[in-house]
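File shown: data.txt. Contents: compact mmCIF, C-alpha atoms.
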```txt
# COMPACT_ATOMS: atom_id res chain seq x y z
CA MET A 1 -74.40 45.30 -52.80
CA MET A 2 -76.08 43.22 -55.46
CA GLU A 3 -79.56 44.23 -56.45
CA LYS A 4 -82.16 41.66 -55.57
CA PRO A 5 -84.95 42.04 -58.07
CA ASP A 6 -87.96 39.81 -57.69
CA THR A 7 -87.75 36.98 -60.21
CA ARG A 8 -91.05 37.77 -61.83
CA SER A 9 -90.38 41.47 -62.20
CA THR A 10 -87.26 41.03 -64.33
CA ASN A 11 -87.92 42.62 -67.66
CA LEU A 12 -87.13 39.80 -70.02
CA THR A 13 -86.96 40.49 -73.72
CA TRP A 14 -86.49 36.81 -74.44
CA HIS A 15 -88.08 35.09 -77.41
CA ALA A 16 -87.58 31.52 -78.55
CA GLY A 17 -84.78 30.96 -81.04
CA HIS A 18 -81.16 30.01 -81.12
CA VAL A 19 -78.30 32.38 -80.52
CA SER A 20 -76.10 32.52 -83.57
CA ARG A 21 -72.36 32.47 -83.54
CA ALA A 22 -72.44 35.99 -84.98
CA ASP A 23 -74.41 37.12 -81.93
CA ARG A 24 -71.72 35.76 -79.62
CA GLU A 25 -69.00 37.33 -81.75
CA ARG A 26 -70.67 40.72 -81.50
CA VAL A 27 -70.43 40.41 -77.73
CA SER A 28 -66.80 39.31 -77.72
CA GLY A 29 -65.68 41.62 -80.53
CA GLN A 30 -63.62 38.86 -82.08
CA ARG A 31 -63.98 35.84 -84.33
CA GLY A 32 -63.60 32.46 -82.65
CA VAL A 33 -60.64 30.51 -83.98
CA THR A 34 -58.29 27.67 -83.10
CA ILE A 35 -54.58 28.36 -83.33
CA TRP A 36 -53.09 24.89 -83.46
CA LEU A 37 -49.44 25.02 -82.37
CA THR A 38 -47.44 21.98 -83.40
CA GLY A 39 -43.75 21.26 -82.98
CA LEU A 40 -41.09 19.32 -81.10
CA SER A 41 -40.77 19.27 -77.36
CA GLY A 42 -38.76 22.38 -76.50
CA SER A 43 -39.62 24.21 -79.73
CA GLY A 44 -41.44 26.91 -77.77
CA LYS A 45 -45.12 26.01 -78.24
CA SER A 46 -46.28 26.65 -74.67
CA THR A 47 -44.25 29.81 -74.22
CA ILE A 48 -45.65 31.25 -77.43
CA ALA A 49 -49.22 30.11 -76.63
CA VAL A 50 -49.13 31.76 -73.22
CA GLY A 51 -47.54 34.86 -74.72
CA VAL A 52 -50.27 35.21 -77.33
CA GLU A 53 -52.95 34.61 -74.71
CA GLN A 54 -51.46 37.32 -72.50
CA GLU A 55 -51.13 39.82 -75.34
CA LEU A 56 -54.73 39.24 -76.46
CA ILE A 57 -56.12 39.51 -72.93
CA GLN A 58 -54.22 42.76 -72.45
CA ARG A 59 -55.88 44.09 -75.58
CA GLY A 60 -59.32 43.07 -74.30
CA TYR A 61 -59.83 39.87 -76.29
CA LEU A 62 -60.82 36.53 -74.79
CA ALA A 63 -58.23 33.83 -75.36
CA TYR A 64 -57.61 30.46 -73.75
CA VAL A 65 -54.82 27.90 -73.91
CA LEU A 66 -55.43 24.15 -74.05
CA ASP A 67 -52.29 22.25 -73.09
CA GLY A 68 -51.09 19.16 -71.34
CA ASP A 69 -51.78 20.68 -67.94
CA ASN A 70 -55.50 21.16 -68.39
CA ILE A 71 -56.18 18.33 -70.87
CA ARG A 72 -54.01 15.35 -69.97
CA HIS A 73 -55.01 15.61 -66.29
CA GLY A 74 -58.65 16.26 -67.14
CA LEU A 75 -60.61 15.34 -70.26
CA ASN A 76 -57.94 12.93 -71.52
CA ARG A 77 -56.75 11.44 -68.27
CA ASN A 78 -58.17 8.07 -69.33
CA LEU A 79 -55.91 7.94 -72.38
CA GLY A 80 -52.47 6.42 -72.57
CA PHE A 81 -49.77 6.67 -75.22
CA SER A 82 -50.67 3.86 -77.59
CA PRO A 83 -51.11 4.90 -81.24
CA ALA A 84 -54.91 4.66 -80.88
CA ASP A 85 -54.88 6.68 -77.65
CA ARG A 86 -52.61 9.32 -79.17
CA ALA A 87 -55.01 9.74 -82.08
CA GLU A 88 -58.00 9.91 -79.72
CA ASN A 89 -56.12 12.47 -77.61
CA ILE A 90 -55.75 14.79 -80.60
CA ARG A 91 -59.31 14.11 -81.81
CA ARG A 92 -60.81 15.13 -78.47
CA ILE A 93 -58.66 18.25 -78.28
CA GLY A 94 -59.84 19.11 -81.79
CA GLU A 95 -63.48 18.66 -80.80
CA VAL A 96 -63.04 20.85 -77.73
CA ALA A 97 -61.22 23.51 -79.74
CA LYS A 98 -64.11 23.44 -82.21
CA LEU A 99 -66.56 24.15 -79.39
CA PHE A 100 -64.44 27.04 -78.09
CA ALA A 101 -64.16 28.56 -81.56
CA ASP A 102 -67.93 28.17 -82.00
CA ALA A 103 -68.40 29.93 -78.65
CA GLY A 104 -66.42 32.89 -80.00
CA VAL A 105 -63.21 32.30 -78.05
CA ILE A 106 -59.69 32.41 -79.51
CA VAL A 107 -58.23 29.09 -78.40
CA LEU A 108 -54.56 28.16 -78.59
CA THR A 109 -53.67 24.47 -78.44
CA SER A 110 -50.17 23.51 -77.40
CA PHE A 111 -49.41 19.86 -78.16
CA ILE A 112 -46.56 18.21 -80.05
CA SER A 113 -49.21 16.56 -82.30
CA PRO A 114 -46.52 14.89 -84.45
CA TYR A 115 -48.75 13.15 -86.99
CA ARG A 116 -49.98 14.96 -90.07
CA ALA A 117 -53.05 12.73 -90.37
CA ASP A 118 -54.21 13.61 -86.85
CA ARG A 119 -53.79 17.34 -87.44
CA ASP A 120 -55.48 17.15 -90.83
CA ALA A 121 -58.40 15.33 -89.21
CA VAL A 122 -58.82 18.25 -86.83
CA ARG A 123 -58.61 20.71 -89.72
CA ALA A 124 -61.36 18.76 -91.51
CA LEU A 125 -63.48 18.85 -88.39
CA LEU A 126 -63.54 22.63 -88.08
CA PRO A 127 -65.38 25.09 -90.30
CA MET A 128 -63.21 26.80 -92.92
CA GLY A 129 -61.18 29.59 -91.37
CA ASP A 130 -61.50 28.25 -87.83
CA PHE A 131 -58.27 26.24 -87.97
CA VAL A 132 -54.94 28.01 -88.10
CA GLU A 133 -52.00 25.63 -88.06
CA ALA A 134 -48.89 27.20 -86.58
CA TYR A 135 -45.73 25.20 -87.10
CA ILE A 136 -43.26 25.99 -84.34
CA SER A 137 -40.14 25.18 -86.26
CA ALA A 138 -36.93 24.37 -84.45
CA THR A 139 -34.33 21.72 -85.19
CA VAL A 140 -33.88 18.79 -82.85
CA GLU A 141 -30.44 20.23 -82.11
CA THR A 142 -31.93 23.55 -81.02
CA CYS A 143 -34.57 21.87 -78.86
CA GLU A 144 -32.04 19.47 -77.39
CA SER A 145 -29.70 22.31 -76.52
CA ARG A 146 -32.51 24.00 -74.60
CA ASP A 147 -33.82 20.80 -72.97
CA VAL A 148 -35.56 22.78 -70.22
CA LYS A 149 -37.21 19.68 -68.77
CA GLY A 150 -34.26 17.33 -69.25
CA LEU A 151 -36.39 15.13 -71.50
CA TYR A 152 -33.92 14.90 -74.37
CA ALA A 153 -31.21 13.68 -72.03
CA LYS A 154 -33.54 10.98 -70.76
CA ALA A 155 -34.61 10.08 -74.29
CA ARG A 156 -30.97 9.78 -75.43
CA ALA A 157 -30.36 7.55 -72.43
CA GLY A 158 -33.23 5.35 -73.60
CA GLN A 159 -35.35 6.17 -70.57
CA ILE A 160 -38.23 7.56 -72.61
CA PRO A 161 -39.40 5.24 -75.38
CA GLU A 162 -40.84 6.74 -78.56
CA PHE A 163 -39.69 10.28 -77.88
CA THR A 164 -40.65 12.56 -80.77
CA GLY A 165 -37.61 13.70 -82.74
CA ILE A 166 -35.32 11.08 -81.21
CA SER A 167 -36.99 7.70 -81.40
CA ALA A 168 -40.37 8.62 -82.92
CA PRO A 169 -41.14 10.68 -86.02
CA TYR A 170 -42.29 14.27 -86.23
CA GLU A 171 -44.15 15.02 -89.45
CA ALA A 172 -43.82 18.72 -90.21
CA PRO A 173 -46.89 20.48 -91.65
CA GLU A 174 -46.87 20.81 -95.42
CA ALA A 175 -48.97 23.97 -95.72
CA PRO A 176 -49.36 25.56 -92.31
CA GLU A 177 -50.93 29.01 -92.05
CA LEU A 178 -47.99 30.13 -89.92
CA VAL A 179 -44.36 29.06 -89.57
CA LEU A 180 -42.65 30.39 -86.48
CA ASP A 181 -38.93 29.70 -86.76
CA THR A 182 -37.76 29.72 -83.18
CA ASN A 183 -34.24 28.82 -84.22
CA ARG A 184 -33.94 32.37 -85.38
CA GLN A 185 -36.58 34.56 -83.79
CA SER A 186 -37.33 35.51 -80.22
CA VAL A 187 -40.47 34.63 -78.29
CA VAL A 188 -41.67 38.22 -78.60
CA GLU A 189 -41.25 38.06 -82.36
CA SER A 190 -43.17 34.80 -82.56
CA VAL A 191 -45.98 36.11 -80.36
CA SER A 192 -46.14 39.22 -82.50
CA GLN A 193 -46.29 37.14 -85.68
CA VAL A 194 -49.38 35.30 -84.44
CA VAL A 195 -51.15 38.45 -83.23
CA VAL A 196 -50.41 40.27 -86.48
CA TYR A 197 -51.81 37.30 -88.41
CA LEU A 198 -55.02 37.44 -86.37
CA GLU A 199 -55.29 41.19 -87.00
CA ARG A 200 -54.69 40.93 -90.73
CA LYS A 201 -57.16 38.10 -91.18
CA GLY A 202 -59.88 39.95 -89.33
CA TYR A 203 -60.17 37.72 -86.26
CA LEU A 204 -59.72 40.73 -84.02
CA GLN A 205 -62.53 43.14 -84.72
CA ALA A 206 -62.81 45.51 -81.80
CA PRO A 207 -61.95 44.72 -78.20
CA ALA A 208 -65.07 43.79 -76.27
CA GLY A 209 -65.16 47.26 -74.75
CA GLN A 210 -65.71 48.85 -78.14
CA ALA A 211 -67.60 46.11 -79.96
CA THR A 212 -71.21 47.19 -79.60
CA ALA A 213 -73.43 49.42 -77.54
CA ARG A 214 -74.70 47.48 -74.55
CA GLY A 215 -76.34 47.68 -71.16
CA MET B 1 -59.22 47.84 -94.91
CA MET B 2 -57.13 46.01 -92.34
CA GLU B 3 -53.94 47.68 -91.26
CA LYS B 4 -50.86 45.74 -92.19
CA PRO B 5 -48.25 46.60 -89.61
CA ASP B 6 -44.82 45.08 -90.01
CA THR B 7 -44.44 42.16 -87.64
CA ARG B 8 -41.38 43.54 -85.96
CA SER B 9 -42.80 46.99 -85.41
CA THR B 10 -45.77 45.84 -83.34
CA ASN B 11 -45.43 47.35 -79.93
CA LEU B 12 -45.65 44.32 -77.71
CA THR B 13 -45.89 44.75 -73.97
CA TRP B 14 -45.58 41.04 -73.45
CA HIS B 15 -43.70 39.54 -70.55
CA ALA B 16 -43.46 35.89 -69.55
CA GLY B 17 -46.08 34.65 -67.12
CA HIS B 18 -49.43 32.96 -67.12
CA VAL B 19 -52.73 34.72 -67.64
CA SER B 20 -54.90 34.28 -64.58
CA ARG B 21 -58.55 33.43 -64.64
CA ALA B 22 -59.18 36.83 -63.03
CA ASP B 23 -57.51 38.49 -66.03
CA ARG B 24 -59.87 36.71 -68.40
CA GLU B 25 -62.84 37.58 -66.22
CA ARG B 26 -61.91 41.24 -66.30
CA VAL B 27 -62.09 41.07 -70.10
CA SER B 28 -65.43 39.26 -70.18
CA GLY B 29 -66.97 41.18 -67.27
CA GLN B 30 -68.40 37.97 -65.84
CA ARG B 31 -67.41 34.98 -63.74
CA GLY B 32 -67.10 31.69 -65.58
CA VAL B 33 -69.59 29.10 -64.36
CA THR B 34 -71.32 25.88 -65.39
CA ILE B 35 -75.11 25.80 -65.14
CA TRP B 36 -75.85 22.09 -65.19
CA LEU B 37 -79.46 21.52 -66.27
CA THR B 38 -80.80 18.09 -65.39
CA GLY B 39 -84.28 16.65 -65.86
CA LEU B 40 -86.48 14.30 -67.84
CA SER B 41 -86.82 14.37 -71.59
CA GLY B 42 -89.41 17.05 -72.28
CA SER B 43 -88.91 18.85 -68.97
CA GLY B 44 -87.70 21.96 -70.79
CA LYS B 45 -83.92 21.83 -70.36
CA SER B 46 -82.93 22.85 -73.88
CA THR B 47 -85.57 25.55 -74.19
CA ILE B 48 -84.45 27.08 -70.90
CA ALA B 49 -80.75 26.73 -71.75
CA VAL B 50 -81.20 28.49 -75.08
CA GLY B 51 -83.38 31.14 -73.44
CA VAL B 52 -80.75 31.91 -70.80
CA GLU B 53 -78.02 31.99 -73.46
CA GLN B 54 -80.04 34.44 -75.53
CA GLU B 55 -80.86 36.69 -72.57
CA LEU B 56 -77.21 36.80 -71.47
CA ILE B 57 -75.94 37.51 -74.98
CA GLN B 58 -78.47 40.33 -75.31
CA ARG B 59 -77.08 41.83 -72.11
CA GLY B 60 -73.53 41.58 -73.43
CA TYR B 61 -72.35 38.46 -71.59
CA LEU B 62 -70.69 35.48 -73.25
CA ALA B 63 -72.70 32.27 -72.81
CA TYR B 64 -72.61 28.93 -74.60
CA VAL B 65 -74.83 25.84 -74.58
CA LEU B 66 -73.46 22.29 -74.61
CA ASP B 67 -76.16 19.85 -75.66
CA GLY B 68 -76.72 16.65 -77.60
CA ASP B 69 -76.37 18.46 -80.90
CA ASN B 70 -72.82 19.67 -80.41
CA ILE B 71 -71.56 16.92 -78.06
CA ARG B 72 -73.06 13.60 -79.14
CA HIS B 73 -72.17 14.26 -82.78
CA GLY B 74 -68.73 15.59 -81.88
CA LEU B 75 -66.61 14.92 -78.80
CA ASN B 76 -68.73 11.98 -77.68
CA ARG B 77 -69.62 10.42 -81.00
CA ASN B 78 -67.53 7.37 -80.11
CA LEU B 79 -69.71 6.63 -77.07
CA GLY B 80 -72.79 4.44 -76.97
CA PHE B 81 -75.44 4.01 -74.32
CA SER B 82 -73.98 1.31 -72.09
CA PRO B 83 -73.73 2.26 -68.40
CA ALA B 84 -69.98 2.81 -68.76
CA ASP B 85 -70.43 4.94 -71.87
CA ARG B 86 -73.18 7.00 -70.24
CA ALA B 87 -70.90 7.73 -67.30
CA GLU B 88 -68.02 8.63 -69.63
CA ASN B 89 -70.40 10.86 -71.61
CA ILE B 90 -71.20 12.90 -68.51
CA ARG B 91 -67.58 12.90 -67.33
CA ARG B 92 -66.32 14.37 -70.61
CA ILE B 93 -69.07 16.98 -70.65
CA GLY B 94 -68.08 17.90 -67.10
CA GLU B 95 -64.42 18.24 -68.10
CA VAL B 96 -65.31 20.44 -71.07
CA ALA B 97 -67.62 22.57 -68.93
CA LYS B 98 -64.76 22.97 -66.47
CA LEU B 99 -62.52 24.31 -69.24
CA PHE B 100 -65.19 26.77 -70.40
CA ALA B 101 -65.77 28.03 -66.85
CA ASP B 102 -62.01 28.40 -66.43
CA ALA B 103 -61.92 30.37 -69.68
CA GLY B 104 -64.45 32.81 -68.19
CA VAL B 105 -67.48 31.67 -70.19
CA ILE B 106 -70.95 30.98 -68.75
CA VAL B 107 -71.69 27.49 -70.02
CA LEU B 108 -75.11 25.82 -69.89
CA THR B 109 -75.23 22.04 -70.21
CA SER B 110 -78.47 20.44 -71.31
CA PHE B 111 -78.45 16.69 -70.74
CA ILE B 112 -80.89 14.37 -68.92
CA SER B 113 -77.96 13.21 -66.74
CA PRO B 114 -80.23 10.92 -64.70
CA TYR B 115 -77.68 9.55 -62.24
CA ARG B 116 -76.83 11.43 -59.06
CA ALA B 117 -73.38 9.85 -58.86
CA ASP B 118 -72.44 11.12 -62.34
CA ARG B 119 -73.60 14.66 -61.56
CA ASP B 120 -71.88 14.65 -58.19
CA ALA B 121 -68.67 13.53 -59.88
CA VAL B 122 -68.86 16.60 -62.11
CA ARG B 123 -69.55 18.81 -59.10
CA ALA B 124 -66.46 17.38 -57.40
CA LEU B 125 -64.42 18.07 -60.53
CA LEU B 126 -65.12 21.79 -60.64
CA PRO B 127 -63.81 24.46 -58.29
CA MET B 128 -66.26 25.56 -55.60
CA GLY B 129 -68.84 27.94 -57.02
CA ASP B 130 -68.26 26.87 -60.62
CA PHE B 131 -71.02 24.25 -60.61
CA VAL B 132 -74.65 25.30 -60.39
CA GLU B 133 -77.03 22.35 -60.55
CA ALA B 134 -80.41 23.35 -61.96
CA TYR B 135 -83.08 20.71 -61.56
CA ILE B 136 -85.67 21.12 -64.28
CA SER B 137 -88.55 19.60 -62.40
CA ALA B 138 -91.57 18.23 -64.26
CA THR B 139 -93.56 15.08 -63.65
CA VAL B 140 -93.41 12.22 -66.13
CA GLU B 141 -97.10 12.98 -66.81
CA THR B 142 -96.31 16.59 -67.73
CA CYS B 143 -93.40 15.59 -69.96
CA GLU B 144 -95.41 12.79 -71.56
CA SER B 145 -98.30 15.13 -72.29
CA ARG B 146 -95.89 17.46 -74.13
CA ASP B 147 -93.98 14.67 -75.91
CA VAL B 148 -92.70 17.08 -78.54
CA LYS B 149 -90.46 14.48 -80.13
CA GLY B 150 -92.88 11.54 -79.79
CA LEU B 151 -90.32 9.72 -77.65
CA TYR B 152 -92.66 8.87 -74.78
CA ALA B 153 -95.10 7.22 -77.19
CA LYS B 154 -92.26 5.12 -78.58
CA ALA B 155 -91.00 4.30 -75.09
CA ARG B 156 -94.48 3.18 -73.99
CA ALA B 157 -94.65 1.03 -77.10
CA GLY B 158 -91.40 -0.61 -76.02
CA GLN B 159 -89.53 0.78 -79.01
CA ILE B 160 -86.95 2.64 -76.88
CA PRO B 161 -85.34 0.46 -74.24
CA GLU B 162 -84.20 2.08 -70.99
CA PHE B 163 -86.04 5.33 -71.48
CA THR B 164 -85.55 7.62 -68.48
CA GLY B 165 -88.74 8.04 -66.47
CA ILE B 166 -90.47 5.07 -68.14
CA SER B 167 -88.13 2.10 -68.11
CA ALA B 168 -85.00 3.60 -66.54
CA PRO B 169 -84.64 5.62 -63.35
CA TYR B 170 -84.24 9.36 -62.94
CA GLU B 171 -82.54 10.32 -59.70
CA ALA B 172 -83.61 13.83 -58.76
CA PRO B 173 -80.96 16.10 -57.24
CA GLU B 174 -81.00 16.26 -53.45
CA ALA B 175 -79.60 19.74 -52.98
CA PRO B 176 -79.55 21.56 -56.32
CA GLU B 177 -78.73 25.26 -56.40
CA LEU B 178 -81.87 25.86 -58.47
CA VAL B 179 -85.18 24.09 -58.90
CA LEU B 180 -87.16 25.19 -61.93
CA ASP B 181 -90.66 23.75 -61.69
CA THR B 182 -91.83 23.72 -65.28
CA ASN B 183 -95.11 22.03 -64.31
CA ARG B 184 -96.12 25.42 -62.98
CA GLN B 185 -93.98 28.16 -64.44
CA SER B 186 -93.45 29.42 -67.95
CA VAL B 187 -90.21 29.29 -69.91
CA VAL B 188 -89.76 33.03 -69.42
CA GLU B 189 -90.12 32.61 -65.66
CA SER B 190 -87.57 29.80 -65.63
CA VAL B 191 -85.11 31.76 -67.75
CA SER B 192 -85.57 34.74 -65.46
CA GLN B 193 -84.98 32.58 -62.38
CA VAL B 194 -81.59 31.47 -63.70
CA VAL B 195 -80.51 34.97 -64.74
CA VAL B 196 -81.57 36.44 -61.41
CA TYR B 197 -79.59 33.71 -59.63
CA LEU B 198 -76.49 34.62 -61.64
CA GLU B 199 -76.99 38.30 -60.82
CA ARG B 200 -77.49 37.75 -57.11
CA LYS B 201 -74.50 35.46 -56.79
CA GLY B 202 -72.24 37.93 -58.55
CA TYR B 203 -71.52 35.95 -61.73
CA LEU B 204 -72.60 38.92 -63.83
CA GLN B 205 -70.33 41.80 -63.01
CA ALA B 206 -70.56 44.31 -65.81
CA PRO B 207 -71.28 43.54 -69.44
CA ALA B 208 -68.06 43.36 -71.41
CA GLY B 209 -68.67 46.85 -72.75
CA GLN B 210 -68.44 48.36 -69.29
CA ALA B 211 -66.03 46.00 -67.60
CA THR B 212 -62.71 47.81 -67.87
CA ALA B 213 -60.99 50.50 -69.82
CA ARG B 214 -59.37 49.00 -72.88
CA GLY B 215 -57.66 49.66 -76.14
```

Any chance you could put this one into structure tokens?
Amino acid sequence: MMEKPDTRSTNLTWHAGHVSRADRERVSGQRGVTIWLTGLSGSGKSTIAVGVEQELIQRGYLAYVLDGDNIRHGLNRNLGFSPADRAENIRRIGEVAKLFADAGVIVLTSFISPYRADRDAVRALLPMGDFVEAYISATVETCESRDVKGLYAKARAGQIPEFTGISAPYEAPEAPELVLDTNRQSVVESVSQVVVYLERKGYLQAPAGQATARG
Amino acid sequence: MMEKPDTRSTNLTWHAGHVSRADRERVSGQRGVTIWLTGLSGSGKSTIAVGVEQELIQRGYLAYVLDGDNIRHGLNRNLGFSPADRAENIRRIGEVAKLFADAGVIVLTSFISPYRADRDAVRALLPMGDFVEAYISATVETCESRDVKGLYAKARAGQIPEFTGISAPYEAPEAPELVLDTNRQSVVESVSQVVVYLERKGYLQAPAGQATARG
């Protein structure tokens, strides 16, 4: 049963003043950060994002994936696929990722995000150290041979106009923080590479359970 | 010093499959929720939002405030004040709040949000129980007598067109989950009222430090 204390009797220690990001990070035992996964369709972005999320949650860290499922049908459902709308799509995702990182959450974004300028704009938006660009590197041939969703077949048949890697460009990152070569390494290896990066760079301090004395 | 384990030697227990919201909530020891504060300029929304955030953080819960500062200058900086833009402003905030609640965070939104239809649209967007409408109730006279930012004086002088409560309507909620009457109660009482509501409804389970065994 929940306790039902009288409103007025609650012993508030509240004083005016903003909560700092450091305060939130003491609670979560981690540093907020955006891991921006970029790469061709079929390169493994979503699988790796979900894998990292799962590994972090198992270790007691709070992680969250932004992807087509929860963005294109929600926040960005009023955007199409024109160049302007594509840029606005990435801008909004960047702004949301910035808020999550500020809140102390480790957010993983999983979008093809083919244009360097759009990704660099997001990098510029976020405080230094909050943006980790992870290039999910796989050749078109590798991705096409997987073709889990049958999209490459449709693109080759001309049924999908401006398909990245076939009929539209993909601009690989020039200096990403991470390169995950999924031509050669397994999903587990890629997931591990991201988690190890977060450990080494100090994003993972102590799981929430061990972060501070509370209660 | 950080440990520097070899990537390949990390003992991953990862298996394919999505992380559920319940998994994230076990880590954070709380249920994600949106507390939607609505009321006139000067009614006390931001002060209460920041107070609740601070109280929750002190107790070891992860809370985050969305307000004009981090939304109007970020995600919604390409929106003006036309009726369509105002509706889109609230829609985007609702979509972002939905993501935060899904991530397991307690999010407090602090916006006048004067139109019932816009707020109801956000309510309809979120899963049942994720949207808590908190009406920050204060008369125009009370708010005008505070006039911390001098906005009411400017509005009366005709310098701010369509100022809510003076020259534009405010539609009070019909069935909000919470009514905080700041004509009569102090900030501490209002903050307490929100926190007690969250306790009683089971949003606060155990602070992260006591939620589950970890590590």

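Here atom CA of Tyr61 of chain A stands at a distance of 7.0 Å from atom CA of Gln30 of chain A.
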
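You can rank A:Gly39, A:Gly80, A:Gly104, A:Gly165 by their closest distance to Val140 of chain A using all atoms listed in the file, and at the top of that list sits A:Gly165.
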
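Closest approach to Ala172 of chain A among A:Gly202, A:Gly150, A:Gly29, A:Pro114: A:Pro114, based on all atoms listed in the file.
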
What is the distance, in Å and to one decimal place, between atom CA of Pro161 of chain A and atom CA of Ala49 of chain A?
26.8 Å

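Counting from atom CA of Ala168 of chain A, the distance to atom CA of Asn78 of chain B is 27.3 Å.
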
Closest of B:Ala84, B:Ala97, B:Val50, B:Leu37 to chain A - atom-to-atom distances counting all atoms listed in the file
B:Val50

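With all atoms listed in the file as the basis for measurement, B:Gln193 is the residue among B:Gln159, B:Gln193, B:Ser186, B:Ser46 that approaches chain A most closely.
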
Dump as a count of residues only all residues having an atom at most 12 Å from (-34.4, 8.4, -81.7), computed in the file's coordinates with all atoms listed in the file.
20

Can you list, as a VMD selection string, every protein, DNA or RNA residue that comes within 12 Å of Tyr135 of chain B when you count all atoms listed in the file, leaving out same-chain residues fewer than 3 positions away?
chain B and resid 35 to 40 43 to 45 48 109 to 114 116 119 132 138 170 to 182 190 194

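If all atoms listed in the file are the atoms counted, then among B:Thr142, B:Ser20, B:Ser41, B:Ser192 the closest residue to chain A is B:Ser192.
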
So that I can see what lies close to Ala124 of chain A, please list as a PyMOL selection string the residues with an atom at most 12 Å from it, counting only C-alpha atoms and leaving out residues fewer than 5 positions away in the same chain.
chain A and resi 91+94-95+98+117-119+129-132

Write a file of the just-selected residues containing C-alpha atoms, as a PDB file, in the frame of the given file.
```pdb
ATOM      1  CA  ARG A  91     -59.310  14.110 -81.810  1.00  0.00           C
ATOM      2  CA  GLY A  94     -59.840  19.110 -81.790  1.00  0.00           C
ATOM      3  CA  GLU A  95     -63.480  18.660 -80.800  1.00  0.00           C
ATOM      4  CA  LYS A  98     -64.110  23.440 -82.210  1.00  0.00           C
ATOM      5  CA  ALA A 117     -53.050  12.730 -90.370  1.00  0.00           C
ATOM      6  CA  ASP A 118     -54.210  13.610 -86.850  1.00  0.00           C
ATOM      7  CA  ARG A 119     -53.790  17.340 -87.440  1.00  0.00           C
ATOM      8  CA  GLY A 129     -61.180  29.590 -91.370  1.00  0.00           C
ATOM      9  CA  ASP A 130     -61.500  28.250 -87.830  1.00  0.00           C
ATOM     10  CA  PHE A 131     -58.270  26.240 -87.970  1.00  0.00           C
ATOM     11  CA  VAL A 132     -54.940  28.010 -88.100  1.00  0.00           C
TER      12      VAL A 132
END
```

Would you mind telling me which residue in A:Val187, A:Leu125, A:Val105, A:Ile57 lies nearest to Val27 of chain A when using all atoms listed in the file?
A:Val105

Hey, what's within 12 Å of Leu204 of chain A if we count only C-alpha atoms and toss same-chain stuff fewer than 4 positions away? As a ChimeraX atom specification, please?
/A:25-26,28-33,56-57,59-63,104-106,194-200,208,210-211 /B:2-3

For C-alpha atoms, I'd like the residues from the last selection saved as a CSV table (one decimal), in the frame of the given file.
```
chain,number,residue,atom,x,y,z
A,25,GLU,CA,-69.0,37.3,-81.8
A,26,ARG,CA,-70.7,40.7,-81.5
A,28,SER,CA,-66.8,39.3,-77.7
A,29,GLY,CA,-65.7,41.6,-80.5
A,30,GLN,CA,-63.6,38.9,-82.1
A,31,ARG,CA,-64.0,35.8,-84.3
A,32,GLY,CA,-63.6,32.5,-82.6
A,33,VAL,CA,-60.6,30.5,-84.0
A,56,LEU,CA,-54.7,39.2,-76.5
A,57,ILE,CA,-56.1,39.5,-72.9
A,59,ARG,CA,-55.9,44.1,-75.6
A,60,GLY,CA,-59.3,43.1,-74.3
A,61,TYR,CA,-59.8,39.9,-76.3
A,62,LEU,CA,-60.8,36.5,-74.8
A,63,ALA,CA,-58.2,33.8,-75.4
A,104,GLY,CA,-66.4,32.9,-80.0
A,105,VAL,CA,-63.2,32.3,-78.0
A,106,ILE,CA,-59.7,32.4,-79.5
A,194,VAL,CA,-49.4,35.3,-84.4
A,195,VAL,CA,-51.2,38.4,-83.2
A,196,VAL,CA,-50.4,40.3,-86.5
A,197,TYR,CA,-51.8,37.3,-88.4
A,198,LEU,CA,-55.0,37.4,-86.4
A,199,GLU,CA,-55.3,41.2,-87.0
A,200,ARG,CA,-54.7,40.9,-90.7
A,208,ALA,CA,-65.1,43.8,-76.3
A,210,GLN,CA,-65.7,48.8,-78.1
A,211,ALA,CA,-67.6,46.1,-80.0
B,2,MET,CA,-57.1,46.0,-92.3
B,3,GLU,CA,-53.9,47.7,-91.3
```

Missing atoms in segment 156-161 of chain A should be modelled up to N, CA and C atoms and reported as an mmCIF file, in the coordinates of the input.
```cif
data_model
loop_
_atom_site.group_PDB
_atom_site.id
_atom_site.type_symbol
_atom_site.label_atom_id
_atom_site.label_comp_id
_atom_site.auth_asym_id
_atom_site.auth_seq_id
_atom_site.Cartn_x
_atom_site.Cartn_y
_atom_site.Cartn_z
ATOM 1 N N ARG A 156 -32.255 10.277 -74.896
ATOM 2 C CA ARG A 156 -30.970 9.780 -75.430
ATOM 3 C C ARG A 156 -30.473 8.599 -74.601
ATOM 4 N N ALA A 157 -30.785 8.639 -73.317
ATOM 5 C CA ALA A 157 -30.360 7.550 -72.430
ATOM 6 C C ALA A 157 -31.301 6.351 -72.521
ATOM 7 N N GLY A 158 -32.305 6.479 -73.397
ATOM 8 C CA GLY A 158 -33.230 5.350 -73.600
ATOM 9 C C GLY A 158 -34.272 5.226 -72.511
ATOM 10 N N GLN A 159 -34.395 6.255 -71.687
ATOM 11 C CA GLN A 159 -35.350 6.170 -70.570
ATOM 12 C C GLN A 159 -36.761 6.571 -70.960
ATOM 13 N N ILE A 160 -36.886 7.239 -72.107
ATOM 14 C CA ILE A 160 -38.230 7.560 -72.610
ATOM 15 C C ILE A 160 -38.385 6.921 -73.980
ATOM 16 N N PRO A 161 -39.217 5.877 -74.072
ATOM 17 C CA PRO A 161 -39.400 5.240 -75.380
ATOM 18 C C PRO A 161 -40.258 6.124 -76.280
#
```
